[in-house]
Every structure is written in structure tokens, then in C-alpha cells.
Amino acid sequence: MTATPSPSPPRPTTLEIDLDAAAANIRAVRRMVGPERKIFAVIKADGYGHGAAEMGEVFVAHGADALAVADLGEGIRLRRRGITAPVLVYPNSLPSAAAETLAHDLVPTLVDLEGAQAYAAVATGPCDVFVKIDVGLERLGVPAEQAVKTIAAMLELPHLRLAGLCAHPHAPDDGDPAYAEWQLGRFTGVVDELEARGVRVPIRLFAASPFVLRFPQTYLNAVDPGRMLYGITFPGETSPVPLQPTLRALTTRVIALKELLPRERFAEVAPFPVTVPMRLGVVPMGSADGLLWLHAGRVLVRGRSAPLVGAPSLEHTRIDLTGVPDARVGDEVVIIGRQGAAEITVAEVAAHHGLGLHHIATAVGPRVARVYRRST
């Protein structure tokens, strides 16, 4: 694999991302859901930390019909990057943002009549909107029992046109099929009642990654997979098609080395105990880059494990290189990834901090350069 042309990052700390894996994953989802369904590829949280524009371009090029974000600013940045594909914006802004949403040709998701009124007031022609139905997560969305009445009131407003309904069903770890069916029934009940009243629902968007992986009956006529597009599955989930992790490596370099002797004075106030001679290394990545949540308590240097010494500071982190006596300034330091026969996995890092796997890349700070690799 070769890196896409880009200048060397000014700081030797990089997140390496596999675009070929992303392309393979969206094609895998297409095989799962079939050619007749729409795929809204979710690139929220800056593409789960990978870069929304870069991942969005790959997903659209390899089979996604539209993109979905959960932040209006992200949708605007996609447009400024030249992405012209349809972009659905999940609810995450105030009604006052209506004009800017429409100015950038983004499709808003409404959750109440007030928001609908704001869009009707600024629209100068037909305005496509989605409405989110709360079927069980108890977060954003019109409660299913109130949805038909609320949507009917929305559609009495000028310019508004219902492009689709969406939901974010609750997906607990046990994956109870009866619970999934109950939530699906609440959603399809709204669809059926609207259609019975003569209100067409073009897109029925219900199944995100947990439901795409476990419950094919929930696909309806569109799906919005997120984390599975990045090769992320949770314990207990088995994908019917192979998925590939898009996060290949998080690496930095040794920028300083020093030999420490045990402290004889003020040992009790030292930043960390030194009871035997230690070879200390320093790397240019710290808590400002998310390293508090991105390490497994150790890193790899020259294929060997080196423990962290203390907690990461704001800009730097200390590592114990006593067990790597041949380490030199400039050596690669693997925080996540493979080095020779050794490896630190995303799962190990997540377990070390009690996090979900999808939280790891999102914790990587924006100063860490993203390096994109593909086969060319």
C-alpha cells in the first residue's frame, strides 16, 4: 500500500487509515442489503475520528447513495470540500440554523413543530425534510405515539416535503429480538398510518450498524450503517460478510532519551518513582491529543513492549525503555498497531479504559495528522 501524496507532518505523530478497507466495507454492506435499498453512510463525529470528507468520498465512490452527519458544521465542511452527494443532517442544531442548512443544500431532520416552522419560514421552494421518530432510545425524536399528528401538522406548513422518516433504535448488548421487533413495530406503525392518510413516506431509515448486523428484517428500504463501515463490531456481533478495520496504526517517534539514576534526595516528591536505573524515552504526544484514552499502558518500540511512565502530560509522554537498550532517538513508537511480530490492538486499548471500540479513533485529537493509504 502507498500513502496518498501529502507533505510530511510537522510532528511525527500520525493516525494511519486504510481507505481500501473502507471501500471494502461499504461494498460488503451493499451485498448484505441488496441493490434495491438506499445506503446512508454515517460519517458523524468527523467520520468516527477518521476524517469525514475523506471517508465520505470513499463511501460514495463505492456504493453509498447518501451521507449522514450529526452536526451541521460537519455537513457544511463537506460541501466546502466539494462533496455534492446528498447529506442528511441528524438533529443537532437550533431552529435558527435553518437558513444555513438550506443554503448548503443539506437535508435536515426535524423533531418538533417549532423546527419545522423555522424551515418553512426560510424556504423559498420545496424543502425536503426527514422526521426522526423516537422508538425506544428516549433521546431525540418525536415520540412514536405523537408522530402522526405532529408530522401532519408539519406538512400543513408551506414548502415542507417529507423525504423520509428515520429512527435510532436502542440496541442493548443482549440483542433481544423481541425488543428489536417492538421498536420496529412502533416505527412501521407510524409509516402505515401516514400512508393510510395519503402521506407518502419515500425513505424509511431504521437500521443502523447493530440492526444491520443482527436483524435483516429491519432493513426496510434504506439503512444507515456507521461503525461497521470502519470495521468495528462489538463483542457478540458476527458480521455475515467480512469487515476490515480502517484504523491501521497510531504511531509517534522517540524525541529524547536519558539515563536516570535512583533519586537519593526528595524521592518522595519525584514525578514518578525511580528505584533502579531507568532508560527514559519521551514522545511528542500527550493528553491534548487524546492519549489519556488511547494507550494500553504500554507502547511498542523495536518490536518490544515499553510501559508508560506515569500519565501522559499535555504535550508529551514518558516511556520506560530500560527493556529496549538499543532504542534510539527517531525510533517509531507504536501506540496502536503492529510492529514486527508484536501488536497492540484497538480492543486492548478499549479494554484498558473500559471504552467502546468506536470511541477510540474519535478520541484522537485534531492535531494528530491523518495519513490515508490505498493500493495504487
# chains A, B, ... in the order shown; residues from 1 in each chain; ligands from 1
$ select_by_dssp --residues "stretch 116-298 of chain A" --states "strand (DSSP E or B)" --output "NGL selection string"
:A and (127-134 or 142-143 or 160-167 or 203-207 or 222-223 or 247-253 or 256-260 or 278-283 or 298)
$ write_last_selection --atoms "N, CA and C atoms" --output "short mmCIF file (atom, residue, chain, number, x, y, z; two decimals), in the first residue's frame"
data_model
loop_
_atom_site.label_atom_id
_atom_site.label_comp_id
_atom_site.auth_asym_id
_atom_site.auth_seq_id
_atom_site.Cartn_x
_atom_site.Cartn_y
_atom_site.Cartn_z
N CYS A 127 -38.96 22.04 0.11
CA CYS A 127 -37.90 21.80 1.10
C CYS A 127 -38.05 20.39 1.65
N ASP A 128 -37.13 19.50 1.25
CA ASP A 128 -37.16 18.12 1.72
C ASP A 128 -36.69 18.05 3.16
N VAL A 129 -37.43 17.33 3.99
CA VAL A 129 -37.06 17.14 5.39
C VAL A 129 -37.27 15.68 5.77
N PHE A 130 -36.48 15.24 6.73
CA PHE A 130 -36.73 13.98 7.42
C PHE A 130 -37.32 14.30 8.78
N VAL A 131 -38.05 13.35 9.33
CA VAL A 131 -38.54 13.47 10.70
C VAL A 131 -38.04 12.25 11.46
N LYS A 132 -37.48 12.50 12.63
CA LYS A 132 -36.96 11.40 13.45
C LYS A 132 -38.01 10.96 14.45
N ILE A 133 -38.21 9.64 14.52
CA ILE A 133 -39.16 9.04 15.44
C ILE A 133 -38.40 8.39 16.58
N ASP A 134 -38.77 8.71 17.81
CA ASP A 134 -38.16 8.06 18.97
C ASP A 134 -38.93 6.78 19.26
N VAL A 142 -39.49 12.60 17.69
CA VAL A 142 -40.90 12.71 18.08
C VAL A 142 -41.34 11.37 18.67
N PRO A 143 -41.90 11.33 19.85
CA PRO A 143 -42.38 10.06 20.39
C PRO A 143 -43.31 9.38 19.39
N LEU A 160 -42.70 22.57 2.98
CA LEU A 160 -42.11 21.35 3.53
C LEU A 160 -42.60 20.12 2.79
N ARG A 161 -41.65 19.22 2.52
CA ARG A 161 -41.95 17.99 1.80
C ARG A 161 -41.27 16.85 2.54
N LEU A 162 -42.04 15.83 2.89
CA LEU A 162 -41.49 14.71 3.67
C LEU A 162 -40.65 13.82 2.76
N ALA A 163 -39.33 13.81 3.03
CA ALA A 163 -38.42 12.96 2.26
C ALA A 163 -38.26 11.59 2.90
N GLY A 164 -38.51 11.52 4.20
CA GLY A 164 -38.36 10.23 4.85
C GLY A 164 -38.49 10.32 6.35
N LEU A 165 -38.61 9.17 6.96
CA LEU A 165 -38.59 9.03 8.41
C LEU A 165 -37.33 8.26 8.81
N CYS A 166 -36.79 8.60 9.97
CA CYS A 166 -35.64 7.87 10.48
C CYS A 166 -35.82 7.62 11.97
N ALA A 167 -35.03 6.72 12.49
CA ALA A 167 -35.05 6.40 13.92
C ALA A 167 -33.66 5.97 14.32
N ILE A 203 -38.55 7.43 2.12
CA ILE A 203 -37.42 6.71 2.73
C ILE A 203 -37.80 6.32 4.14
N ARG A 204 -37.59 5.02 4.47
CA ARG A 204 -37.85 4.51 5.83
C ARG A 204 -36.51 4.01 6.38
N LEU A 205 -35.89 4.83 7.21
CA LEU A 205 -34.50 4.61 7.63
C LEU A 205 -34.48 4.20 9.10
N PHE A 206 -34.25 2.92 9.34
CA PHE A 206 -34.36 2.40 10.70
C PHE A 206 -33.09 1.70 11.18
N ALA A 207 -32.46 0.92 10.33
CA ALA A 207 -31.39 0.01 10.76
C ALA A 207 -30.02 0.67 10.67
N ALA A 222 -34.13 1.43 3.36
CA ALA A 222 -32.87 2.17 3.50
C ALA A 222 -32.23 1.80 4.82
N VAL A 223 -30.90 1.90 4.88
CA VAL A 223 -30.16 1.64 6.12
C VAL A 223 -29.14 2.76 6.31
N LEU A 247 -8.78 1.60 10.87
CA LEU A 247 -7.68 2.16 11.66
C LEU A 247 -6.52 1.17 11.62
N ARG A 248 -5.44 1.58 10.97
CA ARG A 248 -4.28 0.69 10.85
C ARG A 248 -3.28 0.90 11.97
N ALA A 249 -3.01 2.16 12.30
CA ALA A 249 -1.97 2.40 13.31
C ALA A 249 -2.05 3.82 13.85
N LEU A 250 -1.66 3.95 15.10
CA LEU A 250 -1.42 5.24 15.72
C LEU A 250 0.01 5.21 16.21
N THR A 251 0.85 6.07 15.64
CA THR A 251 2.28 6.00 15.91
C THR A 251 2.87 7.38 16.20
N THR A 252 4.03 7.36 16.87
CA THR A 252 4.80 8.58 17.07
C THR A 252 6.28 8.18 17.04
N ARG A 253 7.15 9.04 17.52
CA ARG A 253 8.58 8.76 17.50
C ARG A 253 9.22 9.16 18.82
N ALA A 256 13.49 12.06 22.61
CA ALA A 256 14.54 12.30 23.61
C ALA A 256 14.77 11.03 24.41
N LEU A 257 16.01 10.84 24.83
CA LEU A 257 16.39 9.71 25.68
C LEU A 257 17.25 10.23 26.82
N LYS A 258 17.12 9.64 27.97
CA LYS A 258 18.01 9.98 29.08
C LYS A 258 18.12 8.79 30.03
N GLU A 259 19.27 8.72 30.70
CA GLU A 259 19.51 7.67 31.68
C GLU A 259 19.24 8.24 33.07
N LEU A 260 18.37 7.61 33.81
CA LEU A 260 18.01 8.07 35.15
C LEU A 260 18.61 7.15 36.20
N MET A 278 17.03 3.63 35.16
CA MET A 278 15.99 3.58 34.13
C MET A 278 16.46 4.31 32.89
N ARG A 279 16.13 3.74 31.75
CA ARG A 279 16.35 4.42 30.47
C ARG A 279 15.00 5.02 30.06
N LEU A 280 14.91 6.32 30.05
CA LEU A 280 13.64 7.02 29.83
C LEU A 280 13.59 7.59 28.42
N GLY A 281 12.45 7.38 27.76
CA GLY A 281 12.20 7.99 26.46
C GLY A 281 11.03 8.96 26.55
N VAL A 282 11.02 9.96 25.67
CA VAL A 282 9.94 10.93 25.61
C VAL A 282 9.39 10.95 24.20
N VAL A 283 8.04 10.95 24.09
CA VAL A 283 7.39 11.00 22.78
C VAL A 283 6.52 12.26 22.70
N ARG A 298 1.07 0.59 27.62
CA ARG A 298 2.37 0.25 27.03
C ARG A 298 2.38 0.68 25.57
#
$ closest_atom_pairs --of "stretch 175-287 of chain A" --to "stretch 58-81 of chain A" --cutoff "10 Å" --atoms "only C-alpha atoms" --output "tab-separated table"
residue	atom	partner	partner_atom	distance
A:Ala222	CA	A:Asp65	CA	9.7
A:Asp224	CA	A:Ala68	CA	7.7
A:Pro225	CA	A:Ala68	CA	9.5
A:Gly226	CA	A:Ala68	CA	9.0
A:Leu229	CA	A:Phe59	CA	8.6
$ write_last_selection --atoms "N, CA and C atoms" --output "compact mmCIF listing (two decimals), in the first residue's frame"
# COMPACT_ATOMS: atom_id res chain seq x y z
N ALA A 222 -34.13 1.43 3.36
CA ALA A 222 -32.87 2.17 3.50
C ALA A 222 -32.23 1.80 4.82
N ASP A 224 -28.73 2.98 7.57
CA ASP A 224 -27.70 3.98 7.84
C ASP A 224 -26.61 3.41 8.74
N PRO A 225 -25.75 2.56 8.17
CA PRO A 225 -24.66 1.97 8.95
C PRO A 225 -23.61 3.02 9.30
N GLY A 226 -23.04 2.87 10.50
CA GLY A 226 -21.98 3.75 10.92
C GLY A 226 -20.72 2.98 11.21
N LEU A 229 -18.91 0.37 9.00
CA LEU A 229 -18.18 0.83 7.83
C LEU A 229 -16.71 1.05 8.13
$ closest_residue --among "A:Gln146, A:Gly189, A:Pro126, A:His358" --to "A:Pro158" --atoms "only C-alpha atoms"
A:Pro126
$ select_by_dssp --residues "stretch 126-294 of chain A" --states "alpha helix (DSSP H)" --output "short mmCIF file (atom, residue, chain, number, x, y, z; two decimals) with C-alpha atoms, in the first residue's frame"
data_model
loop_
_atom_site.label_atom_id
_atom_site.label_comp_id
_atom_site.auth_asym_id
_atom_site.auth_seq_id
_atom_site.Cartn_x
_atom_site.Cartn_y
_atom_site.Cartn_z
CA ALA A 144 -43.90 7.35 18.20
CA GLU A 145 -47.36 7.85 19.73
CA GLN A 146 -47.37 11.54 18.75
CA ALA A 147 -45.60 11.22 15.42
CA VAL A 148 -48.55 11.04 13.00
CA LYS A 149 -50.25 14.09 14.48
CA THR A 150 -47.00 16.06 14.60
CA ILE A 151 -45.99 15.17 11.04
CA ALA A 152 -49.43 16.06 9.73
CA ALA A 153 -49.09 19.49 11.34
CA MET A 154 -45.62 19.91 9.84
CA LEU A 155 -46.88 19.13 6.35
CA PRO A 177 -35.06 -9.96 19.03
CA ALA A 178 -38.39 -9.26 20.74
CA TYR A 179 -37.18 -5.80 21.81
CA ALA A 180 -35.95 -5.11 18.27
CA GLU A 181 -39.31 -6.17 16.84
CA TRP A 182 -41.21 -3.98 19.30
CA GLN A 183 -39.21 -0.92 18.26
CA LEU A 184 -39.57 -1.77 14.58
CA GLY A 185 -43.32 -2.14 15.05
CA ARG A 186 -43.56 1.33 16.58
CA PHE A 187 -41.74 2.77 13.58
CA THR A 188 -43.64 0.90 10.87
CA GLY A 189 -46.89 1.71 12.66
CA VAL A 190 -46.19 5.39 12.07
CA VAL A 191 -45.34 4.70 8.42
CA ASP A 192 -48.50 2.67 7.89
CA GLU A 193 -50.78 5.26 9.46
CA LEU A 194 -49.26 8.07 7.45
CA GLU A 195 -49.61 6.13 4.23
CA ALA A 196 -53.21 5.28 5.12
CA SER A 209 -25.00 -0.97 12.41
CA PRO A 210 -26.33 -3.14 15.30
CA PHE A 211 -29.55 -3.83 13.41
CA VAL A 212 -27.87 -4.26 10.02
CA LEU A 213 -25.66 -6.91 11.60
CA ARG A 214 -28.35 -8.75 13.58
#
$ atom_distance --atom1 "atom CA of A:Val29" --atom2 "atom CA of A:Gly49"
20.5 Å
